[in-house]
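Colleague: Supplied in structure tokens, the structure appears directly below.
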Amino acid sequence: MQPSDTLKKPTLSRQEADEIIRWAARDQADAGLDIITDGEGRRENMYYFFQKRLDGLSFDEMLYRTYGTAGFGIEIASVVGRIANPRFDLAHDWSIARDAAPPHVEVKITCTGPHLLAKFSNNQRPDLYPTDKDLALAYAEVLNQALKDVVRAGCEFIQFDEPAWTAFPDEVVWAAEALNRTIEGLNAKIGLHVCGGNPRRKRVYFTCYDELSEGFKLAKIDQVSLEYCTLSYNMLTLWEKWKFGGEFAVGVVDQRSDDIESPESVARRARPVLDYFEPERVLLTSECGFQHVPLEITRGKLRALVAGARYLREARTAQA
């Protein structure tokens with residue numbers, strides 16, 4: 001029997017979406033974060049949200065497909081025509097969050113990357129898109145169109161989320177090429193988040209980051225956000241293969257656990273990273289998002305991030 005839970009949330013009205021974006025922006029700022037998002041509360045999930053707002057996709061007859069080795073599976077939409085006409089309204093979402101946040105807090109927009117959208121599609125039009133790479137490039141075109149509107153609205157920081165890189169390490173070169181097509185001409189700071197996939201607070205892909213280094217090297221990004229604190233291997237060896245000159249947003253808070261980290265534990269996890277990056281190029285973050293985490297635990301972990309960063313800065317100042 002196939003599971004029916006595909007992690008989807010109901011579609012919100014524009015008014016409902018605006019209200020939840022304002023609440024999410026203020027809540028993140030109240031926790032003390034320096035950089036926030038719109039919370040993604042408007043999105044049914046990270047893939048349906050984009051696919052439902054494009055021509056060429058059908059949700060009438062969905063295919064169930066599994067990914068990885070941990071039993072994760074979802075129902076995926078079908079590609080039935082040319083992918084076109086993006087109607088994401090991301091510029092509006094960002095503007096609502098920007099207006100709700102204090103002026104000193106930076107607001108980024110998050111966007112699902114073209115590789116994941118291609119892999120989470122049932123391609124019924126090989127005449128239009130012969131390969132997954134061709135399909136990803138088609139998604140890249142429409143994402144690029146929509147994100148140019150976001151930049152025109154004033155957004156200076158766009159983060160792409162590509163968890164399926166870790167499920168298909170042999171595809172990361174063309175996945176990076178598709179990402180680069182997505183960011184052409186955006187004239188904004190570009191971040192890339194690559195996790196192991198975390199539906200229902202469980203990691204479902206287990207590739208080591210070292211195996212993705214060729215894709216990372218090609219990606220034209222300014223910041224990379226990676227899991228760190230719960231991995232079963234030392235991911236810092238990645239920096240011996242990839243001489244990255246940008247920022248590292250290091251996952252030092254575990255959103256899978258209900259335990260709230262202490263400032264000392266956050267600082268302890270972050271310290272080894274400083275052997276590879278100057279402090280001004282290190283940001284502290286969670287390993288992944290908080291979609292399925294109880295609200296009070298989420299708030300506690302966000303405050304732990306803030307307290308841990310402060311603890312680390314003060315400890316380094318005392319040593320100077």
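The way I read the labels, and the way they are meant: chains A, B, ... in the order of the structure tokens, residue 1 as the first residue of every chain, and ligand 1 as the first ligand shown, with later ones counted on from there.
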Going by DSSP on the backbone, which bits of region 133-216 of chain A are strand (DSSP E or B)? Write them as a list of chain:residue names, please.

Modeller: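 In region 133-216 of chain A, DSSP puts these residues in strand (DSSP E or B): A:Phe157, A:Ile158, A:Gln159, A:Phe160, A:Asp161, A:Lys189, A:Ile190, A:Gly191, A:Leu192, A:His193, A:Val194.
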
Colleague: With N, CA, C and O atoms retained, export the selected residues as a PDB file, in the first residue's frame.

Modeller:
ATOM      1  N   PHE A 157      19.155  39.117  -1.759  1.00  0.00           N
ATOM      2  CA  PHE A 157      19.691  37.827  -1.337  1.00  0.00           C
ATOM      3  C   PHE A 157      18.684  36.742  -1.691  1.00  0.00           C
ATOM      4  O   PHE A 157      17.559  36.742  -1.199  1.00  0.00           O
ATOM      5  N   ILE A 158      19.098  35.821  -2.567  1.00  0.00           N
ATOM      6  CA  ILE A 158      18.246  34.711  -2.991  1.00  0.00           C
ATOM      7  C   ILE A 158      18.937  33.404  -2.631  1.00  0.00           C
ATOM      8  O   ILE A 158      20.100  33.187  -2.964  1.00  0.00           O
ATOM      9  N   GLN A 159      18.214  32.528  -1.949  1.00  0.00           N
ATOM     10  CA  GLN A 159      18.757  31.213  -1.584  1.00  0.00           C
ATOM     11  C   GLN A 159      18.016  30.129  -2.354  1.00  0.00           C
ATOM     12  O   GLN A 159      16.786  30.068  -2.331  1.00  0.00           O
ATOM     13  N   PHE A 160      18.771  29.271  -3.012  1.00  0.00           N
ATOM     14  CA  PHE A 160      18.192  28.130  -3.709  1.00  0.00           C
ATOM     15  C   PHE A 160      18.337  26.878  -2.853  1.00  0.00           C
ATOM     16  O   PHE A 160      19.388  26.638  -2.244  1.00  0.00           O
ATOM     17  N   ASP A 161      17.287  26.073  -2.832  1.00  0.00           N
ATOM     18  CA  ASP A 161      17.275  24.836  -2.047  1.00  0.00           C
ATOM     19  C   ASP A 161      17.324  23.646  -3.003  1.00  0.00           C
ATOM     20  O   ASP A 161      16.433  23.478  -3.846  1.00  0.00           O
ATOM     21  N   LYS A 189      22.966  38.634  -4.275  1.00  0.00           N
ATOM     22  CA  LYS A 189      23.733  37.632  -3.549  1.00  0.00           C
ATOM     23  C   LYS A 189      23.016  36.292  -3.687  1.00  0.00           C
ATOM     24  O   LYS A 189      21.795  36.210  -3.494  1.00  0.00           O
ATOM     25  N   ILE A 190      23.763  35.237  -4.007  1.00  0.00           N
ATOM     26  CA  ILE A 190      23.164  33.935  -4.260  1.00  0.00           C
ATOM     27  C   ILE A 190      23.649  32.927  -3.214  1.00  0.00           C
ATOM     28  O   ILE A 190      24.852  32.738  -3.019  1.00  0.00           O
ATOM     29  N   GLY A 191      22.714  32.291  -2.553  1.00  0.00           N
ATOM     30  CA  GLY A 191      23.009  31.224  -1.612  1.00  0.00           C
ATOM     31  C   GLY A 191      22.504  29.891  -2.139  1.00  0.00           C
ATOM     32  O   GLY A 191      21.583  29.829  -2.955  1.00  0.00           O
ATOM     33  N   LEU A 192      23.116  28.814  -1.684  1.00  0.00           N
ATOM     34  CA  LEU A 192      22.704  27.460  -2.061  1.00  0.00           C
ATOM     35  C   LEU A 192      22.635  26.613  -0.801  1.00  0.00           C
ATOM     36  O   LEU A 192      23.622  26.487  -0.073  1.00  0.00           O
ATOM     37  N   HIS A 193      21.459  26.044  -0.542  1.00  0.00           N
ATOM     38  CA  HIS A 193      21.280  25.136   0.592  1.00  0.00           C
ATOM     39  C   HIS A 193      21.154  23.712   0.067  1.00  0.00           C
ATOM     40  O   HIS A 193      20.276  23.419  -0.755  1.00  0.00           O
ATOM     41  N   VAL A 194      22.050  22.844   0.512  1.00  0.00           N
ATOM     42  CA  VAL A 194      22.010  21.434   0.127  1.00  0.00           C
ATOM     43  C   VAL A 194      21.979  20.608   1.410  1.00  0.00           C
ATOM     44  O   VAL A 194      22.950  20.587   2.170  1.00  0.00           O
TER      45      VAL A 194
END

Colleague: Applying 9 Å and only C-alpha atoms, which residues near Arg87 (chain A) remain after dropping the ones on its own chain fewer than 2 positions away? List them as an MDAnalysis selection string.

Modeller: chainID A and resid 50 52:54 85 89:90 146

Colleague: Write out as a PyMOL selection string which residues come within 6 Å of Glu227 (chain A) when counting only C-alpha atoms, dropping same-chain ones fewer than 6 positions away.

Modeller: chain A and resi 195+251+287

Colleague: Can you write just those residues out, all heavy atoms, as a PDB file, in the first residue's frame?

Modeller:
ATOM      1  N   CYS A 195      20.856  19.955   1.644  1.00  0.00           N
ATOM      2  CA  CYS A 195      20.709  19.112   2.839  1.00  0.00           C
ATOM      3  C   CYS A 195      20.513  17.670   2.388  1.00  0.00           C
ATOM      4  O   CYS A 195      20.605  17.350   1.209  1.00  0.00           O
ATOM      5  CB  CYS A 195      19.529  19.579   3.688  1.00  0.00           C
ATOM      6  SG  CYS A 195      17.938  19.396   2.834  1.00  0.00           S
ATOM      7  N   GLY A 251      25.324  24.424   9.620  1.00  0.00           N
ATOM      8  CA  GLY A 251      24.204  23.907  10.401  1.00  0.00           C
ATOM      9  C   GLY A 251      24.642  23.422  11.779  1.00  0.00           C
ATOM     10  O   GLY A 251      25.130  22.299  11.928  1.00  0.00           O
ATOM     11  N   GLU A 287      20.408  23.028  10.565  1.00  0.00           N
ATOM     12  CA  GLU A 287      20.781  22.128   9.469  1.00  0.00           C
ATOM     13  C   GLU A 287      19.765  22.175   8.330  1.00  0.00           C
ATOM     14  O   GLU A 287      20.114  21.972   7.172  1.00  0.00           O
ATOM     15  CB  GLU A 287      20.923  20.699   9.987  1.00  0.00           C
ATOM     16  CG  GLU A 287      22.151  20.482  10.846  1.00  0.00           C
ATOM     17  CD  GLU A 287      22.537  19.025  10.938  1.00  0.00           C
ATOM     18  OE1 GLU A 287      21.674  18.200  11.322  1.00  0.00           O
ATOM     19  OE2 GLU A 287      23.687  18.690  10.629  1.00  0.00           O
TER      20      GLU A 287
END

Colleague: One decimal, Å: what's the distance from CA of Gly81 (chain A) over to CA of Ser58 (chain A), could you say?

Modeller: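 Separating CA of Gly81 (chain A) from CA of Ser58 (chain A) is a distance of 8.9 Å.
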
Colleague: Pick out the residues sitting within 10 Å of region 110-115 of chain A, and hand them over as a ChimeraX atom specification; count only C-alpha atoms, and ignore anything fewer than 5 positions along from it in its own chain.

Modeller: /A:36-40,45-47,49-50,90,94,120,132-133,135-143,147,157-165,168,171-172,174-182,191-193

Colleague: Generate a file of the selected residues that holds C-alpha atoms, formatted as a JSON list (two decimals), in the first residue's frame.

Modeller:
[["chain", "number", "residue", "atom", "x", "y", "z"],
["A", 36, "ILE", "CA", 15.17, 35.95, 7.87],
["A", 37, "THR", "CA", 12.81, 34.60, 5.20],
["A", 38, "ASP", "CA", 9.10, 34.98, 4.54],
["A", 39, "GLY", "CA", 8.67, 31.66, 6.36],
["A", 40, "GLU", "CA", 7.34, 29.80, 3.30],
["A", 45, "ASN", "CA", 5.31, 22.36, -0.09],
["A", 46, "MET", "CA", 8.61, 23.22, -1.74],
["A", 47, "TYR", "CA", 7.77, 21.63, -5.10],
["A", 49, "PHE", "CA", 4.06, 25.50, -4.85],
["A", 50, "PHE", "CA", 6.07, 26.19, -7.99],
["A", 90, "LEU", "CA", 7.47, 35.82, -4.92],
["A", 94, "TRP", "CA", 9.27, 39.19, -0.17],
["A", 120, "PHE", "CA", 10.09, 15.60, -8.66],
["A", 132, "ASP", "CA", 16.10, 15.44, -16.85],
["A", 133, "LYS", "CA", 18.71, 18.08, -17.63],
["A", 135, "LEU", "CA", 13.61, 19.60, -17.98],
["A", 136, "ALA", "CA", 15.72, 21.29, -15.29],
["A", 137, "LEU", "CA", 16.82, 23.96, -17.78],
["A", 138, "ALA", "CA", 13.17, 24.63, -18.60],
["A", 139, "TYR", "CA", 12.43, 25.13, -14.90],
["A", 140, "ALA", "CA", 15.53, 27.34, -14.70],
["A", 141, "GLU", "CA", 14.13, 29.67, -17.36],
["A", 142, "VAL", "CA", 10.84, 30.31, -15.56],
["A", 143, "LEU", "CA", 12.50, 30.63, -12.14],
["A", 147, "LEU", "CA", 13.30, 36.04, -9.58],
["A", 157, "PHE", "CA", 19.69, 37.83, -1.34],
["A", 158, "ILE", "CA", 18.25, 34.71, -2.99],
["A", 159, "GLN", "CA", 18.76, 31.21, -1.58],
["A", 160, "PHE", "CA", 18.19, 28.13, -3.71],
["A", 161, "ASP", "CA", 17.28, 24.84, -2.05],
["A", 162, "GLU", "CA", 18.58, 21.69, -3.76],
["A", 163, "PRO", "CA", 18.29, 18.65, -1.45],
["A", 164, "ALA", "CA", 18.12, 16.20, -4.36],
["A", 165, "TRP", "CA", 21.78, 16.86, -5.14],
["A", 168, "PHE", "CA", 21.74, 11.97, -7.26],
["A", 171, "GLU", "CA", 24.10, 14.51, -11.68],
["A", 172, "VAL", "CA", 25.63, 17.43, -9.81],
["A", 174, "TRP", "CA", 24.53, 19.36, -14.93],
["A", 175, "ALA", "CA", 22.52, 20.31, -11.83],
["A", 176, "ALA", "CA", 25.01, 23.12, -11.20],
["A", 177, "GLU", "CA", 24.74, 24.17, -14.85],
["A", 178, "ALA", "CA", 20.96, 24.41, -14.46],
["A", 179, "LEU", "CA", 21.39, 26.43, -11.26],
["A", 180, "ASN", "CA", 23.75, 28.81, -13.04],
["A", 181, "ARG", "CA", 21.16, 29.32, -15.77],
["A", 182, "THR", "CA", 18.61, 30.17, -13.06],
["A", 191, "GLY", "CA", 23.01, 31.22, -1.61],
["A", 192, "LEU", "CA", 22.70, 27.46, -2.06],
["A", 193, "HIS", "CA", 21.28, 25.14, 0.59]]

Colleague: Closest to Pro279 (chain A) among A:Phe59, A:Phe88, A:Tyr48, A:Phe248, using only C-alpha atoms?

Modeller: A:Phe248

Colleague: Please list as an NGL selection string every residue within 12 Å of Glu19 (chain A), counting only C-alpha atoms and excluding residues in the same chain fewer than 2 positions away.

Modeller: :A and (12-17 or 21-26 or 38-39 or 41-42 or 93 or 96-97 or 100)

Colleague: A:Lys202, A:Lys243, A:Arg299, A:Lys217: which is nearest Ser257 (chain A), counting only C-alpha atoms?

Modeller: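 Once distances to Ser257 (chain A) are computed over only C-alpha atoms, the minimum belongs to A:Lys202.
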
Colleague: Please measure the separation of CA of Gly215 (chain A) and CA of Arg281 (chain A), giving the value in Å to one decimal.

Modeller: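 Between CA of Gly215 (chain A) and CA of Arg281 (chain A) the gap is 20.7 Å.
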
Colleague: I need the residues in region 17-208 of chain A that are alpha helix (DSSP H) according to DSSP; give them as number ranges by chain.

Modeller: A: 17-31, 48-51, 90-100, 114-119, 132-152, 172-183

Colleague: Interatomic distance between CA of Ala267 (chain A) and CA of Ala309 (chain A)?

Modeller: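 Atom-to-atom, CA of Ala267 (chain A) to CA of Ala309 (chain A), that is 6.7 Å.
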
Colleague: Which polymer residues have any atom within 8 Å of an atom of Val79 (chain A), counting only C-alpha atoms, with same-chain residues fewer than 2 positions away left out, as a ChimeraX atom specification?

Modeller: /A:56-58,77,81-83,121-125
